[in-house]
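Listing of model22.cif; format and content: mmCIF, N, CA and C atoms.
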```cif
data_target
#
loop_
_atom_site.label_atom_id
_atom_site.label_comp_id
_atom_site.auth_asym_id
_atom_site.auth_seq_id
_atom_site.Cartn_x
_atom_site.Cartn_y
_atom_site.Cartn_z
N MET A 1 6.01 -18.95 -44.02
CA MET A 1 5.07 -18.13 -43.28
C MET A 1 4.76 -18.75 -41.91
N LYS A 2 4.56 -20.08 -41.88
CA LYS A 2 4.27 -20.75 -40.62
C LYS A 2 5.44 -20.59 -39.65
N TYR A 3 6.67 -20.63 -40.16
CA TYR A 3 7.83 -20.52 -39.30
C TYR A 3 7.95 -19.11 -38.72
N LYS A 4 7.55 -18.10 -39.48
CA LYS A 4 7.60 -16.74 -38.98
C LYS A 4 6.61 -16.55 -37.83
N ILE A 5 5.43 -17.10 -37.99
CA ILE A 5 4.40 -17.00 -36.94
C ILE A 5 4.84 -17.78 -35.70
N LEU A 6 5.35 -18.97 -35.91
CA LEU A 6 5.83 -19.78 -34.80
C LEU A 6 6.98 -19.10 -34.07
N THR A 7 7.90 -18.53 -34.83
CA THR A 7 9.03 -17.82 -34.23
C THR A 7 8.56 -16.60 -33.44
N ALA A 8 7.61 -15.86 -33.99
CA ALA A 8 7.07 -14.68 -33.30
C ALA A 8 6.37 -15.09 -32.01
N LEU A 9 5.59 -16.14 -32.04
CA LEU A 9 4.91 -16.61 -30.83
C LEU A 9 5.91 -17.09 -29.79
N LEU A 10 6.93 -17.79 -30.21
CA LEU A 10 7.95 -18.27 -29.29
C LEU A 10 8.71 -17.11 -28.66
N CYS A 11 9.06 -16.12 -29.45
CA CYS A 11 9.77 -14.94 -28.92
C CYS A 11 8.89 -14.19 -27.93
N GLY A 12 7.61 -14.07 -28.24
CA GLY A 12 6.68 -13.39 -27.33
C GLY A 12 6.56 -14.13 -26.00
N ALA A 13 6.49 -15.44 -26.07
CA ALA A 13 6.39 -16.23 -24.84
C ALA A 13 7.65 -16.09 -24.00
N ILE A 14 8.80 -16.08 -24.64
CA ILE A 14 10.06 -15.92 -23.90
C ILE A 14 10.11 -14.55 -23.24
N MET A 15 9.68 -13.52 -23.95
CA MET A 15 9.70 -12.18 -23.39
C MET A 15 8.77 -12.06 -22.18
N LEU A 16 7.60 -12.67 -22.26
CA LEU A 16 6.66 -12.61 -21.14
C LEU A 16 7.21 -13.31 -19.90
N THR A 17 7.87 -14.43 -20.09
CA THR A 17 8.40 -15.15 -18.93
C THR A 17 9.63 -14.49 -18.35
N SER A 18 10.27 -13.61 -19.11
CA SER A 18 11.46 -12.95 -18.60
C SER A 18 11.15 -11.64 -17.90
N LEU A 19 9.90 -11.18 -17.95
CA LEU A 19 9.52 -9.96 -17.25
C LEU A 19 9.57 -10.19 -15.75
N PRO A 20 9.99 -9.20 -14.98
CA PRO A 20 10.01 -9.39 -13.52
C PRO A 20 8.59 -9.53 -12.98
N ALA A 21 8.43 -10.41 -12.04
CA ALA A 21 7.12 -10.61 -11.43
C ALA A 21 6.80 -9.43 -10.53
N MET A 22 5.61 -8.92 -10.64
CA MET A 22 5.18 -7.82 -9.80
C MET A 22 4.10 -8.32 -8.85
N ALA A 23 3.98 -7.64 -7.75
CA ALA A 23 2.97 -8.01 -6.77
C ALA A 23 1.59 -7.74 -7.35
N ALA A 24 0.64 -8.50 -6.95
CA ALA A 24 -0.73 -8.32 -7.39
C ALA A 24 -1.61 -8.30 -6.15
N VAL A 25 -1.76 -7.12 -5.56
CA VAL A 25 -2.52 -6.99 -4.32
C VAL A 25 -3.95 -6.57 -4.66
N ASP A 26 -4.89 -7.31 -4.17
CA ASP A 26 -6.29 -6.95 -4.35
C ASP A 26 -6.55 -5.61 -3.67
N GLY A 27 -7.20 -4.69 -4.38
CA GLY A 27 -7.46 -3.35 -3.84
C GLY A 27 -8.23 -3.36 -2.53
N GLY A 28 -9.08 -4.36 -2.31
CA GLY A 28 -9.82 -4.47 -1.07
C GLY A 28 -8.95 -4.84 0.12
N LYS A 29 -7.73 -5.32 -0.15
CA LYS A 29 -6.81 -5.69 0.93
C LYS A 29 -5.82 -4.58 1.25
N ILE A 30 -5.97 -3.44 0.58
CA ILE A 30 -5.12 -2.29 0.90
C ILE A 30 -5.90 -1.45 1.91
N ALA A 31 -5.66 -1.76 3.19
CA ALA A 31 -6.40 -1.14 4.28
C ALA A 31 -5.62 -1.34 5.58
N LEU A 32 -5.99 -0.55 6.56
CA LEU A 32 -5.49 -0.72 7.92
C LEU A 32 -6.71 -0.92 8.80
N GLY A 33 -6.83 -2.11 9.33
CA GLY A 33 -8.06 -2.43 10.05
C GLY A 33 -9.23 -2.29 9.10
N SER A 34 -10.23 -1.52 9.49
CA SER A 34 -11.38 -1.31 8.62
C SER A 34 -11.32 0.02 7.88
N ILE A 35 -10.16 0.66 7.86
CA ILE A 35 -10.00 1.95 7.20
C ILE A 35 -9.27 1.75 5.88
N SER A 36 -9.89 2.18 4.80
CA SER A 36 -9.25 2.01 3.50
C SER A 36 -9.31 3.30 2.70
N PRO A 37 -8.31 3.53 1.87
CA PRO A 37 -8.35 4.70 1.00
C PRO A 37 -9.59 4.62 0.10
N GLY A 38 -10.26 5.75 -0.02
CA GLY A 38 -11.47 5.79 -0.83
C GLY A 38 -12.75 5.69 -0.03
N MET A 39 -12.67 5.30 1.25
CA MET A 39 -13.89 5.23 2.06
C MET A 39 -14.36 6.66 2.34
N SER A 40 -15.64 6.82 2.57
CA SER A 40 -16.18 8.16 2.76
C SER A 40 -15.84 8.71 4.15
N GLU A 41 -15.80 10.02 4.21
CA GLU A 41 -15.58 10.72 5.48
C GLU A 41 -16.67 10.35 6.47
N ILE A 42 -17.89 10.23 6.00
CA ILE A 42 -19.04 9.86 6.86
C ILE A 42 -18.83 8.48 7.46
N ASP A 43 -18.39 7.51 6.64
CA ASP A 43 -18.14 6.15 7.15
C ASP A 43 -17.03 6.16 8.19
N LEU A 44 -15.99 6.96 7.95
CA LEU A 44 -14.90 7.08 8.91
C LEU A 44 -15.41 7.64 10.24
N LEU A 45 -16.18 8.70 10.17
CA LEU A 45 -16.72 9.31 11.39
C LEU A 45 -17.69 8.38 12.11
N ASN A 46 -18.51 7.65 11.36
CA ASN A 46 -19.44 6.70 11.98
C ASN A 46 -18.70 5.57 12.69
N ALA A 47 -17.59 5.13 12.12
CA ALA A 47 -16.84 4.01 12.70
C ALA A 47 -15.94 4.43 13.86
N PHE A 48 -15.35 5.63 13.78
CA PHE A 48 -14.33 6.00 14.76
C PHE A 48 -14.61 7.30 15.50
N GLY A 49 -15.67 7.98 15.15
CA GLY A 49 -15.99 9.24 15.81
C GLY A 49 -15.07 10.37 15.35
N GLN A 50 -15.12 11.45 16.09
CA GLN A 50 -14.30 12.61 15.77
C GLN A 50 -12.83 12.33 16.08
N PRO A 51 -11.94 12.85 15.26
CA PRO A 51 -10.51 12.67 15.54
C PRO A 51 -10.11 13.44 16.80
N THR A 52 -8.99 13.05 17.39
CA THR A 52 -8.49 13.77 18.57
C THR A 52 -7.87 15.10 18.17
N ARG A 53 -7.49 15.21 16.90
CA ARG A 53 -6.89 16.45 16.40
C ARG A 53 -7.17 16.57 14.91
N ARG A 54 -7.48 17.78 14.48
CA ARG A 54 -7.65 18.09 13.06
C ARG A 54 -6.74 19.24 12.69
N ASP A 55 -6.00 19.06 11.62
CA ASP A 55 -5.16 20.12 11.08
C ASP A 55 -5.41 20.16 9.58
N GLY A 56 -6.44 20.89 9.19
CA GLY A 56 -6.85 20.91 7.78
C GLY A 56 -7.36 19.55 7.36
N ASP A 57 -6.72 18.98 6.33
CA ASP A 57 -7.11 17.66 5.82
C ASP A 57 -6.53 16.51 6.63
N ASP A 58 -5.61 16.81 7.54
CA ASP A 58 -4.96 15.77 8.33
C ASP A 58 -5.70 15.57 9.65
N TRP A 59 -6.19 14.35 9.84
CA TRP A 59 -6.92 14.00 11.05
C TRP A 59 -6.09 12.98 11.83
N THR A 60 -6.02 13.17 13.14
CA THR A 60 -5.26 12.27 14.00
C THR A 60 -6.20 11.56 14.96
N TYR A 61 -6.08 10.24 14.98
CA TYR A 61 -6.79 9.38 15.94
C TYR A 61 -5.72 8.75 16.84
N PRO A 62 -6.10 8.09 17.93
CA PRO A 62 -5.10 7.54 18.84
C PRO A 62 -4.08 6.59 18.19
N ASN A 63 -4.48 5.75 17.24
CA ASN A 63 -3.56 4.76 16.67
C ASN A 63 -3.30 4.91 15.17
N PHE A 64 -3.87 5.93 14.57
CA PHE A 64 -3.67 6.11 13.13
C PHE A 64 -3.93 7.56 12.74
N LYS A 65 -3.47 7.90 11.55
CA LYS A 65 -3.71 9.22 10.98
C LYS A 65 -4.34 9.04 9.62
N VAL A 66 -5.21 9.98 9.25
CA VAL A 66 -5.81 9.95 7.92
C VAL A 66 -5.69 11.32 7.27
N GLU A 67 -5.67 11.29 5.96
CA GLU A 67 -5.78 12.51 5.18
C GLU A 67 -7.10 12.43 4.45
N VAL A 68 -7.96 13.42 4.68
CA VAL A 68 -9.29 13.44 4.09
C VAL A 68 -9.33 14.54 3.04
N GLU A 69 -9.75 14.19 1.83
CA GLU A 69 -9.89 15.16 0.75
C GLU A 69 -11.21 14.93 0.04
N ARG A 70 -11.91 15.99 -0.22
CA ARG A 70 -13.18 15.94 -0.97
C ARG A 70 -14.14 14.87 -0.43
N GLY A 71 -14.21 14.78 0.90
CA GLY A 71 -15.18 13.89 1.53
C GLY A 71 -14.80 12.43 1.56
N MET A 72 -13.53 12.11 1.27
CA MET A 72 -13.10 10.71 1.33
C MET A 72 -11.69 10.59 1.89
N VAL A 73 -11.39 9.41 2.39
CA VAL A 73 -10.06 9.12 2.92
C VAL A 73 -9.11 8.95 1.74
N LYS A 74 -8.11 9.81 1.68
CA LYS A 74 -7.09 9.69 0.64
C LYS A 74 -5.95 8.81 1.12
N GLU A 75 -5.61 8.91 2.41
CA GLU A 75 -4.47 8.17 2.95
C GLU A 75 -4.73 7.82 4.41
N VAL A 76 -4.26 6.66 4.82
CA VAL A 76 -4.31 6.25 6.22
C VAL A 76 -2.95 5.64 6.57
N SER A 77 -2.42 5.99 7.74
CA SER A 77 -1.12 5.45 8.15
C SER A 77 -1.11 5.16 9.64
N THR A 78 -0.20 4.27 10.02
CA THR A 78 -0.06 3.93 11.43
C THR A 78 1.38 3.55 11.76
N THR A 79 1.74 3.82 12.99
CA THR A 79 3.00 3.32 13.56
C THR A 79 2.68 2.44 14.77
N ALA A 80 1.39 2.18 14.97
CA ALA A 80 0.93 1.38 16.11
C ALA A 80 0.89 -0.11 15.74
N GLN A 81 1.24 -0.95 16.67
CA GLN A 81 1.22 -2.40 16.44
C GLN A 81 -0.18 -2.98 16.52
N THR A 82 -1.14 -2.21 16.98
CA THR A 82 -2.49 -2.73 17.21
C THR A 82 -3.36 -2.76 15.96
N ILE A 83 -2.95 -2.09 14.91
CA ILE A 83 -3.74 -2.06 13.68
C ILE A 83 -3.05 -2.92 12.63
N ILE A 84 -3.80 -3.86 12.04
CA ILE A 84 -3.20 -4.77 11.07
C ILE A 84 -3.87 -4.64 9.70
N THR A 85 -3.16 -5.09 8.68
CA THR A 85 -3.74 -5.13 7.33
C THR A 85 -4.69 -6.33 7.25
N PRO A 86 -5.55 -6.38 6.25
CA PRO A 86 -6.43 -7.54 6.10
C PRO A 86 -5.68 -8.87 5.98
N ASP A 87 -4.42 -8.81 5.52
CA ASP A 87 -3.62 -10.03 5.41
C ASP A 87 -2.81 -10.34 6.66
N GLY A 88 -2.99 -9.54 7.73
CA GLY A 88 -2.35 -9.83 9.00
C GLY A 88 -0.98 -9.23 9.22
N VAL A 89 -0.56 -8.30 8.38
CA VAL A 89 0.74 -7.65 8.56
C VAL A 89 0.57 -6.44 9.47
N ARG A 90 1.53 -6.23 10.38
CA ARG A 90 1.43 -5.12 11.32
C ARG A 90 2.80 -4.53 11.59
N VAL A 91 2.81 -3.34 12.14
CA VAL A 91 4.04 -2.70 12.59
C VAL A 91 4.66 -3.59 13.66
N GLY A 92 5.98 -3.71 13.64
CA GLY A 92 6.68 -4.53 14.62
C GLY A 92 7.09 -5.89 14.10
N GLN A 93 6.50 -6.32 12.98
CA GLN A 93 6.86 -7.60 12.40
C GLN A 93 8.16 -7.47 11.61
N ALA A 94 8.83 -8.59 11.42
CA ALA A 94 10.03 -8.62 10.59
C ALA A 94 9.63 -8.35 9.13
N ALA A 95 10.50 -7.70 8.40
CA ALA A 95 10.24 -7.36 7.00
C ALA A 95 10.02 -8.60 6.14
N ALA A 96 10.52 -9.75 6.57
CA ALA A 96 10.32 -10.99 5.82
C ALA A 96 8.84 -11.31 5.62
N ALA A 97 7.99 -10.80 6.50
CA ALA A 97 6.54 -11.01 6.37
C ALA A 97 6.00 -10.40 5.08
N LEU A 98 6.66 -9.38 4.56
CA LEU A 98 6.18 -8.73 3.34
C LEU A 98 6.28 -9.65 2.14
N ASN A 99 7.44 -10.26 1.93
CA ASN A 99 7.59 -11.18 0.80
C ASN A 99 6.68 -12.40 0.96
N ALA A 100 6.57 -12.89 2.18
CA ALA A 100 5.73 -14.05 2.43
C ALA A 100 4.26 -13.74 2.16
N THR A 101 3.83 -12.52 2.44
CA THR A 101 2.43 -12.15 2.30
C THR A 101 2.09 -11.58 0.93
N PHE A 102 2.92 -10.66 0.44
CA PHE A 102 2.60 -9.92 -0.78
C PHE A 102 3.47 -10.29 -1.98
N GLY A 103 4.56 -10.99 -1.77
CA GLY A 103 5.49 -11.26 -2.87
C GLY A 103 6.50 -10.13 -2.99
N ARG A 104 7.20 -10.12 -4.10
CA ARG A 104 8.21 -9.09 -4.31
C ARG A 104 7.55 -7.73 -4.50
N ALA A 105 8.12 -6.71 -3.88
CA ALA A 105 7.55 -5.36 -3.95
C ALA A 105 7.60 -4.82 -5.38
N ASP A 106 6.62 -3.99 -5.71
CA ASP A 106 6.60 -3.33 -7.01
C ASP A 106 7.68 -2.26 -7.09
N LYS A 107 7.99 -1.67 -5.94
CA LYS A 107 8.99 -0.61 -5.89
C LYS A 107 9.67 -0.65 -4.53
N VAL A 108 10.99 -0.43 -4.53
CA VAL A 108 11.75 -0.38 -3.28
C VAL A 108 12.56 0.90 -3.28
N ASP A 109 12.39 1.72 -2.24
CA ASP A 109 13.15 2.95 -2.08
C ASP A 109 14.03 2.81 -0.85
N ARG A 110 15.33 2.88 -1.06
CA ARG A 110 16.26 2.77 0.07
C ARG A 110 16.76 4.16 0.42
N ASP A 111 16.62 4.52 1.67
CA ASP A 111 17.14 5.77 2.21
C ASP A 111 18.26 5.44 3.18
N TYR A 112 18.81 6.45 3.80
CA TYR A 112 19.91 6.26 4.73
C TYR A 112 19.51 5.39 5.92
N ASN A 113 18.36 5.69 6.52
CA ASN A 113 17.95 5.00 7.75
C ASN A 113 16.87 3.94 7.55
N ASP A 114 16.23 3.93 6.39
CA ASP A 114 15.11 3.01 6.22
C ASP A 114 14.97 2.56 4.76
N THR A 115 14.09 1.59 4.57
CA THR A 115 13.75 1.11 3.23
C THR A 115 12.23 1.08 3.14
N GLU A 116 11.69 1.56 2.03
CA GLU A 116 10.25 1.56 1.82
C GLU A 116 9.91 0.55 0.73
N TYR A 117 8.97 -0.35 1.05
CA TYR A 117 8.50 -1.36 0.11
C TYR A 117 7.09 -0.96 -0.30
N ILE A 118 6.87 -0.80 -1.60
CA ILE A 118 5.60 -0.32 -2.11
C ILE A 118 4.96 -1.39 -2.99
N TYR A 119 3.68 -1.63 -2.74
CA TYR A 119 2.88 -2.59 -3.50
C TYR A 119 1.66 -1.86 -4.06
N TYR A 120 1.35 -2.07 -5.32
CA TYR A 120 0.20 -1.45 -5.97
C TYR A 120 -0.93 -2.47 -6.10
N SER A 121 -2.16 -1.95 -6.07
CA SER A 121 -3.31 -2.82 -6.27
C SER A 121 -3.35 -3.29 -7.72
N THR A 122 -4.05 -4.36 -7.96
CA THR A 122 -4.13 -4.92 -9.31
C THR A 122 -4.69 -3.92 -10.31
N ASP A 123 -5.57 -3.03 -9.87
CA ASP A 123 -6.12 -2.00 -10.76
C ASP A 123 -5.31 -0.70 -10.73
N ASN A 124 -4.23 -0.68 -9.95
CA ASN A 124 -3.31 0.46 -9.84
C ASN A 124 -3.97 1.71 -9.23
N ARG A 125 -5.11 1.56 -8.57
CA ARG A 125 -5.80 2.71 -7.98
C ARG A 125 -5.34 2.99 -6.55
N LYS A 126 -4.75 1.99 -5.90
CA LYS A 126 -4.31 2.13 -4.51
C LYS A 126 -2.90 1.58 -4.37
N LYS A 127 -2.25 1.99 -3.27
CA LYS A 127 -0.95 1.40 -2.96
C LYS A 127 -0.81 1.29 -1.46
N ILE A 128 0.04 0.35 -1.05
CA ILE A 128 0.36 0.17 0.35
C ILE A 128 1.88 0.22 0.47
N GLU A 129 2.34 0.98 1.44
CA GLU A 129 3.77 1.20 1.61
C GLU A 129 4.18 0.81 3.03
N PHE A 130 5.29 0.09 3.11
CA PHE A 130 5.82 -0.34 4.40
C PHE A 130 7.19 0.29 4.59
N LYS A 131 7.34 1.05 5.66
CA LYS A 131 8.63 1.63 6.01
C LYS A 131 9.31 0.65 6.96
N VAL A 132 10.51 0.21 6.60
CA VAL A 132 11.24 -0.80 7.38
C VAL A 132 12.53 -0.18 7.90
N VAL A 133 12.75 -0.32 9.19
CA VAL A 133 13.96 0.18 9.84
C VAL A 133 14.61 -1.01 10.57
N ASN A 134 15.86 -1.25 10.27
CA ASN A 134 16.60 -2.36 10.87
C ASN A 134 15.88 -3.70 10.74
N GLY A 135 15.27 -3.93 9.58
CA GLY A 135 14.61 -5.20 9.31
C GLY A 135 13.24 -5.37 9.93
N VAL A 136 12.69 -4.31 10.53
CA VAL A 136 11.38 -4.39 11.20
C VAL A 136 10.45 -3.33 10.61
N ILE A 137 9.20 -3.70 10.39
CA ILE A 137 8.21 -2.76 9.86
C ILE A 137 7.95 -1.68 10.91
N ALA A 138 8.18 -0.42 10.53
CA ALA A 138 8.03 0.70 11.47
C ALA A 138 6.79 1.54 11.18
N LYS A 139 6.31 1.51 9.93
CA LYS A 139 5.14 2.32 9.56
C LYS A 139 4.47 1.69 8.35
N ILE A 140 3.13 1.75 8.34
CA ILE A 140 2.36 1.26 7.19
C ILE A 140 1.48 2.42 6.72
N THR A 141 1.48 2.64 5.41
CA THR A 141 0.65 3.68 4.81
C THR A 141 -0.12 3.10 3.65
N CYS A 142 -1.43 3.36 3.60
CA CYS A 142 -2.28 2.96 2.48
C CYS A 142 -2.82 4.25 1.88
N GLU A 143 -2.80 4.34 0.55
CA GLU A 143 -3.30 5.57 -0.07
C GLU A 143 -3.81 5.34 -1.47
N LEU A 144 -4.61 6.30 -1.92
CA LEU A 144 -5.04 6.31 -3.30
C LEU A 144 -3.83 6.65 -4.16
N ASN A 145 -3.68 5.99 -5.27
CA ASN A 145 -2.54 6.20 -6.14
C ASN A 145 -2.87 7.31 -7.13
N ASP A 146 -2.21 8.46 -6.96
CA ASP A 146 -2.47 9.59 -7.85
C ASP A 146 -1.81 9.41 -9.20
#
```

In structure tokens, how does this file's structure come out?
Amino acid sequence: MKYKILTALLCGAIMLTSLPAMAAVDGGKIALGSISPGMSEIDLLNAFGQPTRRDGDDWTYPNFKVEVERGMVKEVSTTAQTIITPDGVRVGQAAAALNATFGRADKVDRDYNDTEYIYYSTDNRKKIEFKVVNGVIAKITCELND
């Protein structure tokens, strides 16, 4: 009986160590500047004023775009180099900054012209996505994970 328990524990430990490591991004660090998915529409307006353009739920500001649903920011994205994540990653940096900052991506989607690296928050409520073109970060998107 003791050998069965010991064998089961050993097998379980081996299985756990063989699982691929996933990124563990704190949900509070999934943001662009001070804009994060889940923040209220009121907080967004108080911080940045009225958008330069509104098209339904899509609001455009000079350096970023947001999607607002039910009174909260569902998604924020940028292609501007002036807005950075809380961990200091920005558009224009080499893609190597992603592994150095966040670890291995939870999901990688390769398309013809670009590669998207996706990281989920530890509670799986948010995600941050980096679009990389020719080894350089071209777009960052933070959103609530549906």

Selection: 7 Å around Gln93 of chain A, only C-alpha atoms, excl. self and same-chain fewer than 4 positions, as an MDAnalysis selection string: chainID A and resid 97 136:137

Residues in the PyMOL selection byres ((chain A and resi 92) around 7), expressed as a ChimeraX atom specification: /A:80-81,90-91,93-95,136-139

Local residues around (-2.7, -2.0, 17.5), at most 12 Å away, using only C-alpha atoms, as an MDAnalysis selection string: chainID A and resid 32:33 62:64 78:85 88:92 139:140

Which of segment 4-144 of chain A fall in alpha helix (DSSP H), as a PyMOL selection string: chain A and resi 4-18+41-48+96-102

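One distance worth recording is that between atom N of Gly49 of chain A and atom N of Lys126 of chain A, which is 24.5 Å.
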
Atom N of Ile30 of chain A to atom CA of Tyr119 of chain A, distance in Å rounded to a single decimal: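 Going from atom N of Ile30 of chain A over to atom CA of Tyr119 of chain A covers 9.8 Å.
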
Of the listed residues A:Thr60, A:Ser34, A:Thr115, A:Asn46, that which approaches Cys142 of chain A most closely, counting only C-alpha atoms: A:Ser34

Applying the PyMOL selection byres (((chain A and resi 44 and name CA) around 12) and name CA) to the file I just gave you, which residues come out? Please list them as a tab-separated table (two decimals) with N, CA and C atoms, in the coordinates of the input.
```tsv
chain	number	residue	atom	x	y	z
A	33	GLY	N	-6.83	-2.11	9.33
A	33	GLY	CA	-8.06	-2.43	10.05
A	33	GLY	C	-9.23	-2.29	9.10
A	34	SER	N	-10.23	-1.52	9.49
A	34	SER	CA	-11.38	-1.31	8.62
A	34	SER	C	-11.32	0.02	7.88
A	35	ILE	N	-10.16	0.66	7.86
A	35	ILE	CA	-10.00	1.95	7.20
A	35	ILE	C	-9.27	1.75	5.88
A	36	SER	N	-9.89	2.18	4.80
A	36	SER	CA	-9.25	2.01	3.50
A	36	SER	C	-9.31	3.30	2.70
A	37	PRO	N	-8.31	3.53	1.87
A	37	PRO	CA	-8.35	4.70	1.00
A	37	PRO	C	-9.59	4.62	0.10
A	38	GLY	N	-10.26	5.75	-0.02
A	38	GLY	CA	-11.47	5.79	-0.83
A	38	GLY	C	-12.75	5.69	-0.03
A	39	MET	N	-12.67	5.30	1.25
A	39	MET	CA	-13.89	5.23	2.06
A	39	MET	C	-14.36	6.66	2.34
A	40	SER	N	-15.64	6.82	2.57
A	40	SER	CA	-16.18	8.16	2.76
A	40	SER	C	-15.84	8.71	4.15
A	41	GLU	N	-15.80	10.02	4.21
A	41	GLU	CA	-15.58	10.72	5.48
A	41	GLU	C	-16.67	10.35	6.47
A	42	ILE	N	-17.89	10.23	6.00
A	42	ILE	CA	-19.04	9.86	6.86
A	42	ILE	C	-18.83	8.48	7.46
A	43	ASP	N	-18.39	7.51	6.64
A	43	ASP	CA	-18.14	6.15	7.15
A	43	ASP	C	-17.03	6.16	8.19
A	45	LEU	N	-16.18	8.70	10.17
A	45	LEU	CA	-16.72	9.31	11.39
A	45	LEU	C	-17.69	8.38	12.11
A	46	ASN	N	-18.51	7.65	11.36
A	46	ASN	CA	-19.44	6.70	11.98
A	46	ASN	C	-18.70	5.57	12.69
A	47	ALA	N	-17.59	5.13	12.12
A	47	ALA	CA	-16.84	4.01	12.70
A	47	ALA	C	-15.94	4.43	13.86
A	48	PHE	N	-15.35	5.63	13.78
A	48	PHE	CA	-14.33	6.00	14.76
A	48	PHE	C	-14.61	7.30	15.50
A	49	GLY	N	-15.67	7.98	15.15
A	49	GLY	CA	-15.99	9.24	15.81
A	49	GLY	C	-15.07	10.37	15.35
A	50	GLN	N	-15.12	11.45	16.09
A	50	GLN	CA	-14.30	12.61	15.77
A	50	GLN	C	-12.83	12.33	16.08
A	51	PRO	N	-11.94	12.85	15.26
A	51	PRO	CA	-10.51	12.67	15.54
A	51	PRO	C	-10.11	13.44	16.80
A	59	TRP	N	-6.19	14.35	9.84
A	59	TRP	CA	-6.92	14.00	11.05
A	59	TRP	C	-6.09	12.98	11.83
A	61	TYR	N	-6.08	10.24	14.98
A	61	TYR	CA	-6.79	9.38	15.94
A	61	TYR	C	-5.72	8.75	16.84
A	65	LYS	N	-3.47	7.90	11.55
A	65	LYS	CA	-3.71	9.22	10.98
A	65	LYS	C	-4.34	9.04	9.62
A	66	VAL	N	-5.21	9.98	9.25
A	66	VAL	CA	-5.81	9.95	7.92
A	66	VAL	C	-5.69	11.32	7.27
A	67	GLU	N	-5.67	11.29	5.96
A	67	GLU	CA	-5.78	12.51	5.18
A	67	GLU	C	-7.10	12.43	4.45
A	68	VAL	N	-7.96	13.42	4.68
A	68	VAL	CA	-9.29	13.44	4.09
A	68	VAL	C	-9.33	14.54	3.04
A	71	GLY	N	-14.21	14.78	0.90
A	71	GLY	CA	-15.18	13.89	1.53
A	71	GLY	C	-14.80	12.43	1.56
A	72	MET	N	-13.53	12.11	1.27
A	72	MET	CA	-13.10	10.71	1.33
A	72	MET	C	-11.69	10.59	1.89
A	73	VAL	N	-11.39	9.41	2.39
A	73	VAL	CA	-10.06	9.12	2.92
A	73	VAL	C	-9.11	8.95	1.74
A	74	LYS	N	-8.11	9.81	1.68
A	74	LYS	CA	-7.09	9.69	0.64
A	74	LYS	C	-5.95	8.81	1.12
A	76	VAL	N	-4.26	6.66	4.82
A	76	VAL	CA	-4.31	6.25	6.22
A	76	VAL	C	-2.95	5.64	6.57
```

For Ile118 of chain A: contacts at 6 Å, all atoms listed in the file, fewer than 5 positions along chain excluded, given as a VMD selection string: chain A and resid 105 to 108 128 to 130

Residue with smallest distance to Arg125 of chain A - pool A:Gly27, A:Ala96, A:Arg53, A:Asn113, counting only N, CA and C atoms: A:Gly27

d(atom CA of Phe102 of chain A, atom CA of Glu69 of chain A) in Å: 28.1 Å

For Thr141 of chain A, the nearest of the candidates A:Asp26, A:Asp55, A:Glu75, A:Asp123, counting all atoms listed in the file: A:Glu75

Members of chain A assigned strand (DSSP E) by DSSP, as a ChimeraX atom specification: /A:53-55,58-60,65-69,72-78,107-110,115-120,126-133,136-144

From the coordinates supplied, segment 80-114 of chain A should be written with C-alpha atoms, as a CSV table (one decimal), in the first residue's frame.
```
chain,number,residue,atom,x,y,z
A,80,ALA,CA,1.9,54.7,-30.6
A,81,GLN,CA,5.3,54.4,-29.0
A,82,THR,CA,4.4,57.0,-26.3
A,83,ILE,CA,2.1,54.6,-24.3
A,84,ILE,CA,3.8,51.9,-22.2
A,85,THR,CA,2.6,48.9,-20.2
A,86,PRO,CA,3.2,49.0,-16.4
A,87,ASP,CA,6.2,46.8,-17.0
A,88,GLY,CA,7.7,49.2,-19.5
A,89,VAL,CA,7.0,47.4,-22.8
A,90,ARG,CA,6.0,49.7,-25.7
A,91,VAL,CA,5.4,49.7,-29.4
A,92,GLY,CA,8.7,49.8,-31.3
A,93,GLN,CA,10.7,47.6,-29.0
A,94,ALA,CA,12.2,44.3,-30.1
A,95,ALA,CA,10.0,41.3,-29.5
A,96,ALA,CA,12.7,39.8,-27.2
A,97,ALA,CA,11.4,42.3,-24.6
A,98,LEU,CA,8.3,40.1,-24.3
A,99,ASN,CA,10.1,37.0,-23.0
A,100,ALA,CA,12.3,39.0,-20.8
A,101,THR,CA,9.3,40.8,-19.2
A,102,PHE,CA,6.5,38.3,-19.3
A,103,GLY,CA,8.0,34.9,-20.0
A,104,ARG,CA,6.8,32.5,-22.6
A,105,ALA,CA,3.5,33.5,-24.1
A,106,ASP,CA,0.3,31.6,-23.2
A,107,LYS,CA,-0.7,31.6,-26.9
A,108,VAL,CA,1.1,32.4,-30.1
A,109,ASP,CA,-0.7,33.0,-33.4
A,110,ARG,CA,1.4,33.2,-36.5
A,111,ASP,CA,-0.1,34.9,-39.6
A,112,TYR,CA,1.5,35.7,-42.9
A,113,ASN,CA,2.8,39.1,-42.0
A,114,ASP,CA,2.8,39.1,-38.2
```
